[in-house]
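Peer 1: Take a look at final-v6.txt, compact mmCIF, C-alpha atoms:
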```txt
# COMPACT_ATOMS: atom_id res chain seq x y z
CA MET N 1 9.11 -46.11 -25.32
CA THR N 2 6.90 -45.15 -22.40
CA ASN N 3 4.10 -42.64 -22.46
CA ASN N 4 6.19 -40.28 -20.35
CA SER N 5 8.73 -39.94 -23.16
CA LEU N 6 6.23 -39.02 -25.87
CA PRO N 7 6.43 -35.42 -27.09
CA LYS N 8 3.83 -33.07 -25.62
CA PRO N 9 1.27 -31.58 -28.03
CA ARG N 10 1.62 -27.90 -28.83
CA ARG N 11 -0.81 -25.46 -27.27
CA SER N 12 -3.58 -24.74 -29.75
CA THR N 13 -5.34 -22.00 -27.73
CA PRO N 14 -4.09 -18.58 -26.64
CA PRO N 15 -2.31 -18.38 -23.27
CA PRO N 16 -4.47 -17.39 -20.28
CA PRO N 17 -4.30 -13.96 -18.60
CA SER N 18 -1.22 -13.17 -16.52
CA SER N 19 -3.00 -13.99 -13.25
CA GLN N 20 -3.70 -17.54 -14.48
CA VAL N 21 -0.42 -18.44 -16.19
CA SER N 22 1.26 -21.67 -15.06
CA ASN N 23 5.02 -21.82 -15.30
CA ASN N 24 7.46 -24.71 -15.14
CA TYR N 25 9.97 -24.11 -12.35
CA ALA N 26 12.36 -26.91 -11.39
CA GLY N 27 9.97 -29.42 -12.94
CA GLU N 28 6.96 -28.15 -10.96
CA MET N 29 3.85 -26.64 -12.54
CA LEU N 30 2.96 -23.48 -10.62
CA GLY N 31 -0.68 -22.60 -10.11
CA PRO N 32 -2.55 -19.30 -10.52
CA LYS N 33 -0.92 -16.32 -8.85
CA PRO N 34 -2.62 -14.18 -6.18
CA TYR N 35 -1.36 -10.93 -7.69
CA GLU N 36 -1.60 -8.73 -10.76
CA LEU N 37 0.68 -6.17 -12.39
CA ILE N 38 -0.65 -2.63 -12.76
CA SER N 39 0.65 -1.16 -16.02
CA PHE N 40 2.68 2.04 -16.27
CA PRO N 41 1.07 5.03 -18.02
CA LYS N 42 2.36 5.53 -21.56
CA GLU N 43 3.46 9.15 -21.02
CA ARG N 44 6.64 10.06 -19.17
CA PRO N 45 6.08 11.15 -15.55
CA PRO N 46 5.79 14.94 -15.20
CA LYS N 47 8.39 16.38 -12.82
CA LYS N 48 8.67 19.73 -11.07
CA ALA N 49 10.07 21.35 -7.96
CA PRO N 50 8.19 20.46 -4.74
CA ALA N 51 6.04 22.95 -2.83
CA GLY N 52 8.51 23.28 0.05
CA HIS N 53 8.13 23.64 3.82
CA HIS N 54 8.99 27.32 4.21
CA LYS N 55 5.38 28.57 4.41
CA TYR N 56 1.75 27.48 4.35
CA LEU N 57 0.82 28.34 0.78
CA GLY N 58 -2.49 30.19 0.56
CA ASP N 59 -3.83 28.19 -2.37
CA ARG N 60 -3.11 24.77 -0.79
CA LEU N 61 -4.54 22.55 1.95
CA HIS N 62 -3.09 21.92 5.42
CA GLY N 63 -4.47 19.80 8.25
CA THR N 64 -4.99 16.32 9.70
CA LEU N 65 -7.02 13.26 8.74
CA PHE N 66 -8.24 11.10 11.63
CA ILE N 67 -8.28 7.46 10.56
CA THR N 68 -9.79 4.22 11.86
CA LEU N 69 -8.39 1.01 10.34
CA LYS N 70 -10.33 -2.24 10.66
CA VAL N 71 -8.66 -5.63 10.23
CA GLN N 72 -10.53 -7.82 7.73
CA THR N 73 -8.00 -10.67 7.44
CA THR N 74 -5.37 -11.49 10.05
CA LEU N 75 -2.55 -8.94 10.19
CA HIS N 76 1.13 -9.29 11.01
CA VAL N 77 3.59 -6.40 10.70
CA SER N 78 6.89 -7.93 11.72
CA THR N 79 9.53 -6.37 13.94
CA GLY N 80 11.98 -8.98 12.68
CA VAL N 81 12.41 -10.23 16.25
CA VAL N 82 11.61 -13.77 17.43
CA VAL N 83 11.15 -14.22 21.19
CA MET N 84 10.15 -16.94 23.61
CA GLY N 85 6.38 -17.13 23.86
CA SER N 86 6.55 -16.85 27.63
CA ASP N 87 8.12 -13.38 27.26
CA ILE N 88 4.87 -12.01 25.83
CA SER N 89 2.41 -14.25 27.70
CA SER N 90 1.97 -16.79 24.93
CA ARG N 91 1.96 -20.58 25.27
CA VAL N 92 3.93 -21.24 22.06
CA PRO N 93 7.70 -21.87 22.41
CA LEU N 94 8.84 -19.19 19.93
CA ILE N 95 6.92 -16.41 18.22
CA LYS N 96 7.68 -13.73 15.63
CA THR N 97 6.59 -10.42 17.11
CA MET N 98 4.72 -7.24 16.20
CA VAL N 99 5.24 -3.93 17.99
CA GLN N 100 3.39 -4.08 21.31
CA ASN N 101 3.09 -1.08 23.61
CA ILE N 102 3.50 -1.11 27.37
CA ASP N 103 -0.29 -1.28 27.69
CA GLN N 104 -0.23 -4.63 25.81
CA LYS N 105 -1.81 -3.16 22.69
CA LEU N 106 -0.43 -3.79 19.22
CA SER N 107 0.89 -0.99 17.05
CA ILE N 108 1.55 -0.56 13.32
CA GLN N 109 4.52 1.61 12.47
CA GLY N 110 3.68 4.75 10.52
CA SER N 111 6.39 3.82 8.03
CA SER N 112 4.56 0.57 7.19
CA LEU N 113 1.34 2.44 6.49
CA LYS N 114 3.18 5.07 4.47
CA GLY N 115 4.83 2.39 2.31
CA CYS N 116 1.64 0.55 1.33
CA ILE N 117 -0.30 3.77 0.75
CA ARG N 118 2.49 5.29 -1.33
CA SER N 119 2.71 2.23 -3.58
CA ALA N 120 -0.99 2.59 -4.48
CA TYR N 121 -0.66 6.37 -4.92
CA GLU N 122 2.24 5.79 -7.32
CA ALA N 123 0.24 3.24 -9.29
CA ILE N 124 -2.72 5.53 -10.00
CA THR N 125 -0.66 8.63 -10.79
CA ASN N 126 1.97 9.05 -13.49
CA SER N 127 4.85 8.57 -11.07
CA THR N 128 8.24 6.89 -10.84
CA LEU N 129 9.02 3.95 -8.60
CA ALA N 130 10.17 4.84 -5.09
CA VAL N 131 12.35 1.77 -4.52
CA ILE N 132 14.01 -0.70 -6.89
CA THR N 133 16.36 -3.67 -6.48
CA GLY N 134 19.81 -3.59 -8.03
CA ARG N 135 19.35 -7.00 -9.64
CA TYR N 136 16.62 -5.80 -12.01
CA LYS N 137 17.63 -2.15 -12.37
CA ASP N 138 18.42 -2.62 -16.06
CA LYS N 139 14.86 -3.96 -16.57
CA ILE N 140 13.20 -0.83 -15.16
CA PRO N 141 12.08 1.70 -17.82
CA VAL N 142 14.40 4.69 -17.53
CA ASP N 143 11.56 7.12 -16.93
CA ARG N 144 10.34 4.99 -13.97
CA LEU N 145 13.63 5.07 -12.03
CA PRO N 146 13.42 6.80 -8.61
CA CYS N 147 13.67 10.60 -8.51
CA LYS N 148 17.17 11.78 -7.59
CA ASN N 149 16.98 15.54 -8.22
CA LYS N 150 14.92 17.16 -5.46
CA GLN N 151 14.07 20.02 -7.82
CA GLU N 152 12.46 17.64 -10.31
CA VAL N 153 10.19 15.12 -8.60
CA CYS N 154 7.21 13.10 -9.83
CA PRO N 155 3.61 13.43 -8.51
CA ALA N 156 3.98 10.77 -5.81
CA SER N 157 7.36 12.11 -4.68
CA GLN N 158 5.84 15.59 -4.38
CA VAL N 159 3.61 14.22 -1.62
CA PHE N 160 5.56 11.34 -0.05
CA GLY N 161 9.13 12.52 -0.51
CA ALA N 162 12.23 11.57 -2.48
CA LEU N 163 16.00 11.78 -2.15
CA ASP N 164 16.75 14.91 -0.06
CA TRP N 165 13.04 15.85 -0.02
CA GLN N 166 10.96 15.13 3.09
CA GLY N 167 7.51 15.18 1.52
CA LEU N 168 4.29 16.86 2.61
CA ILE N 169 2.53 14.20 4.74
CA GLU N 170 3.40 12.49 8.01
CA PHE N 171 2.04 9.18 9.30
CA SER N 172 1.64 8.51 13.00
CA ASP N 173 1.86 4.98 14.35
CA ALA N 174 -1.53 3.25 14.38
CA LYS N 175 -2.55 2.15 17.90
CA CYS N 176 -4.81 -0.86 18.40
CA GLU N 177 -8.06 -0.34 20.29
CA ASN N 178 -8.06 -3.99 21.43
CA THR N 179 -5.95 -5.27 24.31
CA GLY N 180 -3.76 -8.32 23.72
CA PHE N 181 -3.15 -10.19 20.48
CA ALA N 182 -3.91 -13.36 18.54
CA THR N 183 -1.48 -16.14 17.64
CA GLY N 184 -1.36 -17.49 14.10
CA PHE N 185 0.81 -19.47 11.72
CA MET N 186 2.19 -18.01 8.52
CA PRO N 187 2.99 -20.67 5.91
CA SER N 188 6.41 -20.63 4.32
CA LEU N 189 6.19 -18.62 1.09
CA TYR N 190 8.01 -18.97 -2.22
CA ARG N 191 10.59 -16.33 -3.05
CA PRO N 192 9.71 -13.95 -5.91
CA ARG N 193 10.66 -15.48 -9.28
CA PRO N 194 10.20 -12.82 -11.98
CA ASP N 195 12.82 -14.51 -14.16
CA GLN N 196 10.56 -17.58 -14.33
CA ARG N 197 7.41 -15.69 -15.25
CA GLY N 198 7.13 -13.91 -18.58
CA ALA N 199 4.17 -11.77 -17.44
CA TYR N 200 6.58 -9.65 -15.37
CA PHE N 201 8.10 -8.19 -18.55
CA ASP N 202 6.82 -6.41 -21.65
CA ALA N 203 7.75 -7.01 -25.30
CA ARG N 204 10.95 -4.97 -24.83
CA GLY N 205 12.06 -7.02 -21.85
CA ASN N 206 11.30 -4.23 -19.36
CA VAL N 207 9.32 -4.62 -16.13
CA ALA N 208 5.65 -4.49 -17.13
CA GLY N 209 4.20 -2.74 -14.08
CA ARG N 210 3.73 -2.58 -10.33
CA LYS N 211 2.83 -5.73 -8.38
CA PHE N 212 -0.23 -5.83 -6.09
CA TYR N 213 -1.80 -8.78 -4.27
CA TYR N 214 -5.53 -9.48 -4.37
CA HIS N 215 -7.69 -9.27 -1.27
CA THR N 216 -9.31 -12.56 -0.22
CA ILE N 217 -12.14 -13.51 2.10
CA ARG N 218 -9.74 -15.05 4.61
CA ALA N 219 -6.07 -15.77 5.20
CA ILE N 220 -4.55 -19.26 5.01
CA ASP N 221 -3.50 -20.67 8.38
CA LYS N 222 -1.75 -24.03 7.96
CA GLY N 223 -1.45 -24.94 11.61
CA GLN N 224 1.38 -25.26 14.11
CA ASN N 225 3.44 -27.82 12.22
CA GLN N 226 3.23 -26.15 8.81
CA GLY N 227 4.18 -22.52 9.34
CA ILE N 228 5.89 -19.80 11.35
CA THR N 229 4.20 -18.80 14.60
CA VAL N 230 3.41 -15.09 14.54
CA GLN N 231 1.91 -12.49 16.83
CA GLN N 232 -0.98 -10.90 14.95
CA ALA N 233 -4.08 -8.74 15.01
CA ALA N 234 -7.20 -10.82 14.49
CA LYS N 235 -10.15 -9.99 12.26
CA GLU N 236 -12.30 -7.12 13.59
CA TYR N 237 -9.41 -5.54 15.55
CA THR N 238 -9.38 -1.77 15.02
CA PHE N 239 -6.48 0.70 14.93
CA LYS N 240 -6.54 4.49 15.07
CA THR N 241 -4.02 6.90 13.59
CA GLN N 242 -3.59 10.34 12.04
CA ILE N 243 -2.17 11.63 8.77
CA GLN N 244 -0.91 15.20 8.87
CA PHE N 245 -0.61 17.10 5.60
CA LYS N 246 0.52 20.54 4.47
CA ASN N 247 0.78 22.36 1.14
CA LEU N 248 -1.25 19.74 -0.72
CA THR N 249 -3.27 20.66 -3.76
CA SER N 250 -6.91 19.61 -3.77
CA ALA N 251 -6.07 16.91 -6.35
CA GLU N 252 -3.21 15.54 -4.23
CA LEU N 253 -5.40 15.26 -1.14
CA GLY N 254 -8.18 13.73 -3.25
CA THR N 255 -5.82 11.10 -4.65
CA LEU N 256 -4.76 10.20 -1.12
CA LEU N 257 -8.43 9.81 -0.17
CA ILE N 258 -9.04 7.53 -3.18
CA VAL N 259 -6.18 5.29 -2.04
CA LEU N 260 -7.76 5.24 1.43
CA GLY N 261 -10.95 3.86 -0.12
CA GLN N 262 -13.09 6.99 0.26
CA ASP N 263 -14.31 7.16 -3.35
CA PRO N 264 -17.71 5.41 -3.49
CA LYS N 265 -17.02 4.33 -7.07
CA TYR N 266 -13.83 2.49 -6.08
CA ALA N 267 -14.30 0.57 -2.81
CA ILE N 268 -10.71 -0.46 -2.21
CA ALA N 269 -8.89 -1.58 0.93
CA LEU N 270 -5.25 -1.52 2.03
CA LYS N 271 -2.83 -4.45 2.07
CA VAL N 272 -0.59 -4.06 5.12
CA GLY N 273 2.28 -6.12 6.56
CA GLY N 274 3.41 -9.66 5.78
CA GLY N 275 1.66 -12.69 4.34
CA LYS N 276 0.02 -10.84 1.44
CA PRO N 277 0.26 -13.85 -0.94
CA ILE N 278 -1.85 -15.99 1.39
CA GLY N 279 -4.50 -13.36 2.13
CA MET N 280 -3.15 -11.61 5.22
CA GLY N 281 -3.16 -7.89 5.88
CA THR N 282 -6.48 -6.62 4.48
CA MET N 283 -7.58 -3.44 6.28
CA THR N 284 -10.49 -1.15 5.51
CA VAL N 285 -10.25 2.58 6.24
CA GLU N 286 -12.72 5.03 7.71
CA VAL N 287 -11.88 8.74 7.80
CA THR N 288 -13.75 9.81 10.92
CA ALA N 289 -12.82 13.51 10.98
CA ALA N 290 -10.50 16.12 9.52
CA THR N 291 -9.08 19.41 10.70
CA VAL N 292 -8.13 22.04 8.13
CA LEU N 293 -5.81 24.92 8.97
CA GLN N 294 -7.41 28.30 8.33
CA ASN N 295 -4.79 31.01 8.80
CA LYS N 296 -1.86 30.53 6.45
CA GLY N 297 1.43 32.37 6.14
CA ASP N 298 5.12 32.12 6.87
CA LEU N 299 6.00 29.38 9.35
CA ARG N 300 7.71 31.97 11.52
CA ASP N 301 4.28 33.52 12.15
CA ARG N 302 3.11 30.25 13.67
CA TYR N 303 5.99 30.06 16.15
CA SER N 304 6.21 33.76 17.01
CA SER N 305 2.73 33.81 18.55
CA TYR N 306 1.34 32.20 21.70
CA ASN N 307 -1.96 31.65 19.94
CA PRO N 308 -2.20 28.34 18.04
CA PRO N 309 -3.25 28.56 14.37
CA GLU N 310 -6.99 28.33 13.89
CA SER N 311 -8.33 25.14 12.36
CA GLU N 312 -11.74 23.94 11.29
CA SER N 313 -12.92 20.53 12.50
CA ILE N 314 -14.97 18.69 9.87
CA THR N 315 -17.19 15.67 10.57
CA GLY N 316 -20.37 14.01 9.31
CA THR N 317 -21.97 15.35 6.13
CA ASN N 318 -19.50 18.22 5.89
CA LEU N 319 -16.62 15.75 5.96
CA GLN N 320 -18.16 13.68 3.15
CA GLN N 321 -18.66 16.79 1.04
CA PHE N 322 -15.10 17.94 1.72
CA MET N 323 -13.67 14.56 0.70
CA GLN N 324 -15.77 14.18 -2.44
CA LYS N 325 -14.85 17.70 -3.61
CA ASN N 326 -11.16 16.84 -3.42
CA ILE N 327 -11.68 13.39 -4.93
CA GLN N 328 -13.36 15.01 -7.93
CA ALA N 329 -10.35 17.31 -8.34
CA ALA N 330 -8.10 14.25 -8.31
CA HIS N 331 -10.06 12.58 -11.10
CA SER N 332 -9.96 15.78 -13.14
CA SER N 333 -6.23 16.44 -13.08
CA LEU N 334 -4.06 13.81 -11.40
CA VAL N 335 -5.45 10.26 -11.31
CA GLN N 336 -4.80 7.95 -14.28
CA ALA N 337 -8.18 6.37 -15.08
CA THR N 338 -6.78 3.20 -16.68
CA GLN N 339 -4.42 2.45 -13.81
CA LEU N 340 -7.07 3.23 -11.19
CA GLN N 341 -9.46 0.77 -12.83
CA GLN N 342 -6.75 -1.90 -12.88
CA LEU N 343 -5.84 -1.33 -9.25
CA ALA N 344 -9.48 -1.28 -8.15
CA GLU N 345 -9.97 -4.74 -9.68
CA VAL N 346 -7.17 -6.09 -7.47
CA LEU N 347 -7.81 -4.16 -4.25
CA LYS N 348 -11.62 -4.09 -4.32
CA TYR N 349 -13.24 -5.03 -1.03
CA PRO N 350 -15.48 -6.79 -0.05
CA THR N 351 -14.46 -9.72 -2.23
CA ASP N 352 -15.51 -13.33 -2.75
CA ARG N 353 -12.01 -14.41 -3.80
CA GLU N 354 -10.54 -17.44 -2.01
CA PRO N 355 -6.82 -17.48 -1.08
CA GLU N 356 -4.49 -19.58 -3.24
CA GLU N 357 -3.83 -22.77 -1.27
CA MET N 358 -1.00 -23.80 -3.62
CA TYR N 359 0.94 -20.56 -3.33
```
Represent the structure of the file as structure tokens.
Peer 2:
Amino acid sequence: MTNNSLPKPRRSTPPPPSSQVSNNYAGEMLGPKPYELISFPKERPPKKAPAGHHKYLGDRLHGTLFITLKVQTTLHVSTGVVVMGSDISSRVPLIKTMVQNIDQKLSIQGSSLKGCIRSAYEAITNSTLAVITGRYKDKIPVDRLPCKNKQEVCPASQVFGALDWQGLIEFSDAKCENTGFATGFMPSLYRPRPDQRGAYFDARGNVAGRKFYYHTIRAIDKGQNQGITVQQAAKEYTFKTQIQFKNLTSAELGTLLIVLGQDPKYAIALKVGGGKPIGMGTMTVEVTAATVLQNKGDLRDRYSSYNPPESESITGTNLQQFMQKNIQAAHSSLVQATQLQQLAEVLKYPTDREPEEMY
């Protein structure tokens, strides 16, 4: 009998935390994972009819946030199209593209920003999931299934929308301030394997929470022969965009600002685009200004007059005071403290965390 055939000793110590569990998949020991699951609140999500679009409600907020996004680790938001490098002035034979405007500046689709921001907003409020896969539908807690009745929607769906409900905020495409682009190489990634990892599920066999990837100090770039060539925004590239909102409560706007990293107690950054497992897509947010609509009433009043609605432009100290007032309202009535603390541990930035080379 060889040593390889001897029985393995039983584990005599408790298993490590979920982020450090090693699993046996096809005979291979998997290393630590670059993500964590954010737990669901214990209470059922509260649901009610949305505010609607028929008028600017006098007790709610309406306006625009002006946003600057700064790339901290290389960013790739894929179009799904692979072209010859020569078609976009690159020396590589083939390259997976991002959206690039006629002025040769990269762009991030508003829908991509909305998706990553919504996922964090859902996680820190008592909300349902927006999207699920059919394969694991029976593993989703019933009260976390997506909202289907537009008259009964959860906190996140109130703001971002649900089936037959448009939502109260709109995201413009983010335009890069830098001309041109960088070329990088995205390593091939493992497919998700929740069935091979017990930490995905609770004691009842249901999905344990929402999945978020850690920020890292850099992204892994394996080199030309070990990955997929991608068009990307390099570190320090900046993008500008706007978020328009209407009929938001102070708590709803404050929760959005927390997700955007504007709460000094929770310095978090966004994870945007592809390559999240290997450290790509970290972006920090600066809210540079806001305009708040002053005269409110029926929408028909806005379009029956030649005079545009009055709005107040807020910058500097006044902007900081405006944001912190709404953030405080969010903490008082909408944000789940436990889930926010969990999410902040994963999305905190700056970080000294290295990317997982084995992933």
Peer 1: Taking into account all atoms listed in the file, which residue in the set N:Lys42, N:Lys235, N:Lys139, N:Lys276 is nearest to Val207 (chain N)?
Peer 2: N:Lys139
Peer 1: Which of these, N:Ala156, N:Val99, N:Ala130, N:Leu57, has the shortest distance to Gly80 (chain N) once you count all atoms listed in the file?
Peer 2: N:Val99
Peer 1: Around all of region 235-243 of chain N's listed atoms, make the axis-aligned box with 3 Å on each side and tell me centre and edge lengths in Å to one decimal, as JSON.
Peer 2:
```
{"center_x": -7.2, "center_y": 0.8, "center_z": 12.2, "size_x": 16.1, "size_y": 27.6, "size_z": 12.8}
```
Peer 1: For Val335 (chain N), which of N:Asn126, N:Arg118, N:Phe171, N:Arg91 is the closest residue, counting all atoms listed in the file?
Peer 2: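 That would be N:Asn126, the residue with the smallest distance to Val335 (chain N).
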Peer 1: Please report the interatomic distance between CA of Lys114 (chain N) and CA of Glu286 (chain N) in Å with one decimal.
Peer 2: 16.2 Å
Peer 1: Within 9 Å of region 49-52 of chain N, counting all atoms listed in the file, which residues qualify if same-chain residues fewer than 4 places away don't, as a ChimeraX atom specification?
Peer 2: /N:57,150-154,157-159,165,167-168,247-248
Peer 1: Counting only C-alpha atoms, which of N:Tyr214, N:Phe201, N:Tyr56, N:Tyr237 gets nearest to Met280 (chain N)?
Peer 2: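 Closest candidate: N:Tyr214.
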Peer 1: I'd like the interatomic distance between CA of Gln72 (chain N) and CA of Leu94 (chain N), to a tenth of an Å.
Peer 2: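 Spanning CA of Gln72 (chain N) to CA of Leu94 (chain N) is a straight-line distance of 25.6 Å.
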